[in-house]
file query10.cif (mmCIF, C-alpha atoms)
data_work
loop_
_atom_site.group_PDB
_atom_site.id
_atom_site.type_symbol
_atom_site.label_atom_id
_atom_site.label_comp_id
_atom_site.auth_asym_id
_atom_site.auth_seq_id
_atom_site.Cartn_x
_atom_site.Cartn_y
_atom_site.Cartn_z
ATOM 1 C CA GLN A 1 0.000 0.000 0.000
ATOM 2 C CA GLU A 2 3.002 2.308 0.223
ATOM 3 C CA ALA A 3 2.871 3.440 -3.413
ATOM 4 C CA ALA A 4 -0.806 4.360 -3.106
ATOM 5 C CA GLN A 5 -0.189 6.269 0.113
ATOM 6 C CA ILE A 6 2.926 8.093 -1.037
ATOM 7 C CA GLY A 7 1.447 9.038 -4.409
ATOM 8 C CA SER A 8 -1.753 10.355 -2.872
ATOM 9 C CA ALA A 9 -0.143 12.158 0.067
ATOM 10 C CA MET A 10 2.425 13.838 -2.204
ATOM 11 C CA ALA A 11 -0.412 15.151 -4.394
ATOM 12 C CA LEU A 12 -1.986 17.073 -1.522
ATOM 13 C CA GLY A 13 -1.319 20.711 -0.732
ATOM 14 C CA PRO A 14 0.036 21.958 2.594
ATOM 15 C CA ASP A 15 -3.428 23.005 3.822
ATOM 16 C CA ASP A 16 -5.171 19.761 2.834
ATOM 17 C CA PHE A 17 -6.026 17.470 5.756
ATOM 18 C CA VAL A 18 -5.718 13.668 5.901
ATOM 19 C CA PHE A 19 -8.078 11.425 7.867
ATOM 20 C CA PRO A 20 -6.323 8.042 8.201
ATOM 21 C CA THR A 21 -7.186 4.565 9.322
ATOM 22 C CA PHE A 22 -4.681 2.573 11.380
ATOM 23 C CA ARG A 23 -2.297 1.634 8.548
ATOM 24 C CA GLU A 24 -1.253 4.853 6.806
ATOM 25 C CA LEU A 25 2.350 5.037 8.012
ATOM 26 C CA ALA A 26 3.687 5.971 4.546
ATOM 27 C CA ALA A 27 1.183 8.841 4.208
ATOM 28 C CA ALA A 28 1.983 9.975 7.748
ATOM 29 C CA LEU A 29 5.686 10.208 6.908
ATOM 30 C CA VAL A 30 4.940 12.248 3.782
ATOM 31 C CA ARG A 31 2.830 14.649 5.879
ATOM 32 C CA GLY A 32 5.685 15.134 8.347
ATOM 33 C CA VAL A 33 4.568 12.930 11.229
ATOM 34 C CA ASP A 34 7.482 11.651 13.307
ATOM 35 C CA PRO A 35 7.523 7.836 12.948
ATOM 36 C CA VAL A 36 8.274 7.297 16.637
ATOM 37 C CA GLN A 37 5.294 9.440 17.606
ATOM 38 C CA TYR A 38 3.103 7.674 15.028
ATOM 39 C CA LEU A 39 4.114 4.242 16.281
ATOM 40 C CA ALA A 40 3.453 5.230 19.905
ATOM 41 C CA TYR A 41 -0.211 4.675 19.143
ATOM 42 C CA HIS A 42 0.479 1.095 18.101
ATOM 43 C CA ARG A 43 2.147 0.521 21.470
ATOM 44 C CA GLY A 44 -1.066 1.358 23.295
ATOM 45 C CA THR A 45 -0.936 5.121 23.744
ATOM 46 C CA TRP A 46 -4.531 5.844 24.662
ATOM 47 C CA HIS A 47 -4.983 9.181 22.906
ATOM 48 C CA GLY A 48 -3.927 8.258 19.368
ATOM 49 C CA GLY A 49 -0.274 9.248 19.513
ATOM 50 C CA PRO A 50 1.577 12.344 20.570
ATOM 51 C CA TYR A 51 1.970 14.001 17.155
ATOM 52 C CA ASP A 52 0.117 17.260 16.482
ATOM 53 C CA PRO A 53 -2.663 16.765 13.870
ATOM 54 C CA ARG A 54 -2.954 20.505 13.271
ATOM 55 C CA ALA A 55 0.746 20.923 12.524
ATOM 56 C CA THR A 56 1.000 17.859 10.267
ATOM 57 C CA ARG A 57 -2.488 18.090 8.717
ATOM 58 C CA PHE A 58 -2.715 14.356 9.490
ATOM 59 C CA GLY A 59 -5.602 13.419 11.769
ATOM 60 C CA PRO A 60 -5.590 11.015 14.669
ATOM 61 C CA ILE A 61 -5.422 7.345 13.766
ATOM 62 C CA CYS A 62 -8.926 5.920 13.402
ATOM 63 C CA ILE A 63 -9.609 2.327 14.444
ATOM 64 C CA PRO A 64 -13.409 1.986 14.065
ATOM 65 C CA VAL A 65 -14.073 0.991 10.467
ATOM 66 C CA ALA A 66 -15.198 3.894 8.226
ATOM 67 C CA THR A 67 -15.777 6.549 10.897
ATOM 68 C CA GLN A 68 -12.957 8.707 9.511
ATOM 69 C CA ILE A 69 -14.979 9.116 6.303
ATOM 70 C CA VAL A 70 -17.717 11.178 7.936
ATOM 71 C CA HIS A 71 -15.053 13.160 9.816
ATOM 72 C CA ALA A 72 -13.328 13.987 6.521
ATOM 73 C CA VAL A 73 -16.592 14.987 4.854
ATOM 74 C CA GLY A 74 -17.606 17.208 7.776
ATOM 75 C CA TYR A 75 -14.178 18.833 7.804
ATOM 76 C CA ALA A 76 -14.393 19.395 4.040
ATOM 77 C CA MET A 77 -17.816 20.997 4.428
ATOM 78 C CA GLY A 78 -16.251 23.370 6.956
ATOM 79 C CA LEU A 79 -13.473 24.167 4.486
ATOM 80 C CA ALA A 80 -16.103 25.055 1.892
ATOM 81 C CA LEU A 81 -17.932 27.287 4.363
ATOM 82 C CA ASP A 82 -14.620 29.013 5.123
ATOM 83 C CA ASP A 83 -14.199 29.531 1.360
ATOM 84 C CA THR A 84 -10.738 27.950 1.260
ATOM 85 C CA ARG A 85 -9.090 26.052 -1.604
ATOM 86 C CA ALA A 86 -8.077 23.161 0.659
ATOM 87 C CA CYS A 87 -9.608 19.689 0.695
ATOM 88 C CA SER A 88 -9.622 16.658 2.946
ATOM 89 C CA LEU A 89 -8.783 13.065 2.101
ATOM 90 C CA ALA A 90 -10.103 9.980 3.883
ATOM 91 C CA TYR A 91 -8.243 6.702 3.483
ATOM 92 C CA PHE A 92 -10.252 3.524 3.928
ATOM 93 C CA GLY A 93 -10.211 -0.126 2.922
ATOM 94 C CA ASP A 94 -12.676 -1.984 0.757
ATOM 95 C CA GLY A 95 -14.450 -3.431 3.804
ATOM 96 C CA SER A 96 -15.343 0.096 4.907
ATOM 97 C CA ALA A 97 -17.316 0.581 1.693
ATOM 98 C CA SER A 98 -20.057 -1.627 3.178
ATOM 99 C CA GLU A 99 -20.383 0.398 6.372
ATOM 100 C CA GLY A 100 -23.133 2.941 6.973
ATOM 101 C CA ASP A 101 -20.562 5.672 7.653
ATOM 102 C CA PHE A 102 -19.193 5.234 4.133
ATOM 103 C CA HIS A 103 -22.631 5.645 2.543
ATOM 104 C CA GLU A 104 -23.616 8.556 4.772
ATOM 105 C CA GLY A 105 -20.316 10.340 4.147
ATOM 106 C CA ALA A 106 -20.380 9.752 0.392
ATOM 107 C CA ASN A 107 -23.986 10.951 0.186
ATOM 108 C CA LEU A 108 -23.242 14.147 2.127
ATOM 109 C CA ALA A 109 -20.126 14.764 0.037
ATOM 110 C CA GLY A 110 -22.127 14.513 -3.167
ATOM 111 C CA VAL A 111 -25.165 16.485 -2.023
ATOM 112 C CA PHE A 112 -23.112 19.360 -0.623
ATOM 113 C CA GLY A 113 -20.231 19.211 -3.120
ATOM 114 C CA ALA A 114 -17.762 18.865 -0.273
ATOM 115 C CA PRO A 115 -14.086 19.187 -1.245
ATOM 116 C CA VAL A 116 -13.182 15.701 -0.073
ATOM 117 C CA ILE A 117 -11.344 12.785 -1.638
ATOM 118 C CA LEU A 118 -12.569 9.346 -0.598
ATOM 119 C CA PHE A 119 -9.539 7.129 -1.162
ATOM 120 C CA CYS A 120 -10.269 3.392 -1.082
ATOM 121 C CA GLN A 121 -7.196 1.208 -0.801
ATOM 122 C CA ASN A 122 -8.729 -1.941 -2.213
ATOM 123 C CA ASN A 123 -6.427 -4.876 -1.607
ATOM 124 C CA GLY A 124 -9.098 -7.385 -2.574
ATOM 125 C CA TRP A 125 -9.944 -8.348 1.002
ATOM 126 C CA ALA A 126 -12.698 -6.816 3.106
ATOM 127 C CA ILE A 127 -11.316 -7.567 6.569
ATOM 128 C CA SER A 128 -11.514 -11.367 6.345
ATOM 129 C CA VAL A 129 -13.492 -12.122 3.185
ATOM 130 C CA PRO A 130 -12.632 -11.623 -0.479
ATOM 131 C CA ALA A 131 -13.994 -8.370 -1.915
ATOM 132 C CA ALA A 132 -16.266 -10.357 -4.251
ATOM 133 C CA ARG A 133 -18.123 -11.750 -1.192
ATOM 134 C CA GLN A 134 -18.435 -8.291 0.333
ATOM 135 C CA SER A 135 -19.637 -6.271 -2.647
ATOM 136 C CA ALA A 136 -21.537 -7.235 -5.789
ATOM 137 C CA GLY A 137 -20.015 -4.443 -7.862
ATOM 138 C CA GLU A 138 -16.846 -2.435 -8.090
ATOM 139 C CA ILE A 139 -16.468 0.100 -5.298
ATOM 140 C CA TRP A 140 -15.147 2.928 -7.484
ATOM 141 C CA LYS A 141 -18.286 2.807 -9.625
ATOM 142 C CA ARG A 142 -20.436 3.776 -6.635
ATOM 143 C CA ALA A 143 -19.177 7.356 -6.849
ATOM 144 C CA GLU A 144 -21.435 8.178 -9.787
ATOM 145 C CA GLY A 145 -24.495 7.304 -7.722
ATOM 146 C CA TYR A 146 -23.392 9.809 -5.106
ATOM 147 C CA GLY A 147 -22.834 12.534 -7.682
ATOM 148 C CA PHE A 148 -19.063 12.722 -7.984
ATOM 149 C CA PRO A 149 -16.473 11.081 -10.243
ATOM 150 C CA GLY A 150 -14.975 7.742 -9.377
ATOM 151 C CA VAL A 151 -11.597 6.630 -10.680
ATOM 152 C CA ARG A 152 -9.863 3.269 -10.529
ATOM 153 C CA VAL A 153 -6.088 3.467 -10.356
ATOM 154 C CA ASP A 154 -3.381 0.834 -10.015
ATOM 155 C CA GLY A 155 -2.265 1.449 -6.430
ATOM 156 C CA ASN A 156 1.187 0.060 -7.217
ATOM 157 C CA ASP A 157 1.787 2.826 -9.771
ATOM 158 C CA VAL A 158 2.859 5.775 -7.607
ATOM 159 C CA LEU A 159 2.753 8.244 -10.520
ATOM 160 C CA ALA A 160 -0.761 7.200 -11.609
ATOM 161 C CA VAL A 161 -1.959 7.559 -8.014
ATOM 162 C CA TYR A 162 -0.295 10.967 -7.744
ATOM 163 C CA ARG A 163 -1.927 12.141 -10.986
ATOM 164 C CA ALA A 164 -5.418 10.900 -10.067
ATOM 165 C CA THR A 165 -5.219 12.388 -6.555
ATOM 166 C CA ARG A 166 -3.883 15.711 -7.854
ATOM 167 C CA GLU A 167 -6.783 15.908 -10.342
ATOM 168 C CA ALA A 168 -9.269 15.136 -7.573
ATOM 169 C CA ALA A 169 -7.736 17.761 -5.285
ATOM 170 C CA GLU A 170 -7.932 20.357 -8.042
ATOM 171 C CA ARG A 171 -11.633 19.523 -8.594
#
call {"tool": "encode", "arguments": {"input": "query10.cif", "output": "C-alpha cells"}}
result
Amino acid sequence: QEAAQIGSAMALGPDDFVFPTFRELAAALVRGVDPVQYLAYHRGTWHGGPYDPRATRFGPICIPVATQIVHAVGYAMGLALDDTRACSLAYFGDGSASEGDFHEGANLAGVFGAPVILFCQNNGWAISVPAARQSAGEIWKRAEGYGFPGVRVDGNDVLAVYRATREAAER
C-alpha cells in the first residue's frame, strides 16, 4: 500500500487534511509525522499518539471501520464554508465501503459538493473475506451514484496515483 499512500499524500497541498485509518504510516511520513510518535499509538498510547494533527495536517489514527470518512466529509464541508481552496482526504479499505458511515459520508459529500477525496485502498480483502463476497459491484463505480467522479487506479503505480489524486484535489 506504500505506493498508493505516497502518491496520494504527495499530491496534496500543505493546507489539505488527511483522515487516516490505522495503517497509513507511509502517508503519515509524507505529511511530516514523526515515525516514533506515530508508532506510539500502536504501542497502546490511549490518545492516538503524541503528534500534532494541526501541525502535520494528518488526523488522529482511526480504528473503528469507516468513521474517519464522515469526519473527513464534515471537515471538508467546513473548508467550503470558510471559502478555502483546501480539501480533505479519507483513506479507507474496501471493507469500509459496506459500512453505513461510508454511505452517509459519500452521500453528504455529493449532495453538498464537499471538497473531499474518498480514497479506497482496495487490496481485494474486506477484513476477512474476499472483496467479491463483500460487494456485488466495483467500489469505485459507486461514486457516480453519489454525484461525484470515481476513478480506478493501479495502487502500485505511484505516478498514476499521484496524478489521479492531484486531479481530484484540483476539482
call {"tool": "atom_distance", "arguments": {"input": "query10.cif", "atom1": "atom CA of Tyr75 of chain A", "atom2": "atom CA of Thr56 of chain A"}}
result
15.4 Å
call {"tool": "atom_distance", "arguments": {"input": "query10.cif", "atom1": "atom CA of Gly124 of chain A", "atom2": "atom CA of Val153 of chain A"}}
result
13.7 Å
call {"tool": "closest_residue", "arguments": {"input": "query10.cif", "among": "A:Asp52, A:Glu144, A:Asp154, A:Glu99", "to": "Gly32 of chain A", "atoms": "all atoms listed in the file"}}
result
A:Asp52
call {"tool": "closest_residue", "arguments": {"input": "query10.cif", "among": "A:Leu12, A:Leu79, A:Ile6, A:Val70", "to": "His103 of chain A", "atoms": "all atoms listed in the file"}}
result
A:Val70
call {"tool": "resolve_selection", "arguments": {"input": "query10.cif", "expression": "the PyMOL selection byres ((chain A and resi 24) around 9)", "output": "number ranges by chain"}}
result
A: 1-2, 5, 20-23, 25-29, 61, 91
call {"tool": "write_last_selection", "arguments": {"input": "query10.cif", "atoms": "C-alpha atoms", "output": "tab-separated table (two decimals), keeping the file's coordinate frame"}}
result
chain	number	residue	atom	x	y	z
A	1	GLN	CA	0.00	0.00	0.00
A	2	GLU	CA	3.00	2.31	0.22
A	5	GLN	CA	-0.19	6.27	0.11
A	20	PRO	CA	-6.32	8.04	8.20
A	21	THR	CA	-7.19	4.57	9.32
A	22	PHE	CA	-4.68	2.57	11.38
A	23	ARG	CA	-2.30	1.63	8.55
A	25	LEU	CA	2.35	5.04	8.01
A	26	ALA	CA	3.69	5.97	4.55
A	27	ALA	CA	1.18	8.84	4.21
A	28	ALA	CA	1.98	9.98	7.75
A	29	LEU	CA	5.69	10.21	6.91
A	61	ILE	CA	-5.42	7.34	13.77
A	91	TYR	CA	-8.24	6.70	3.48
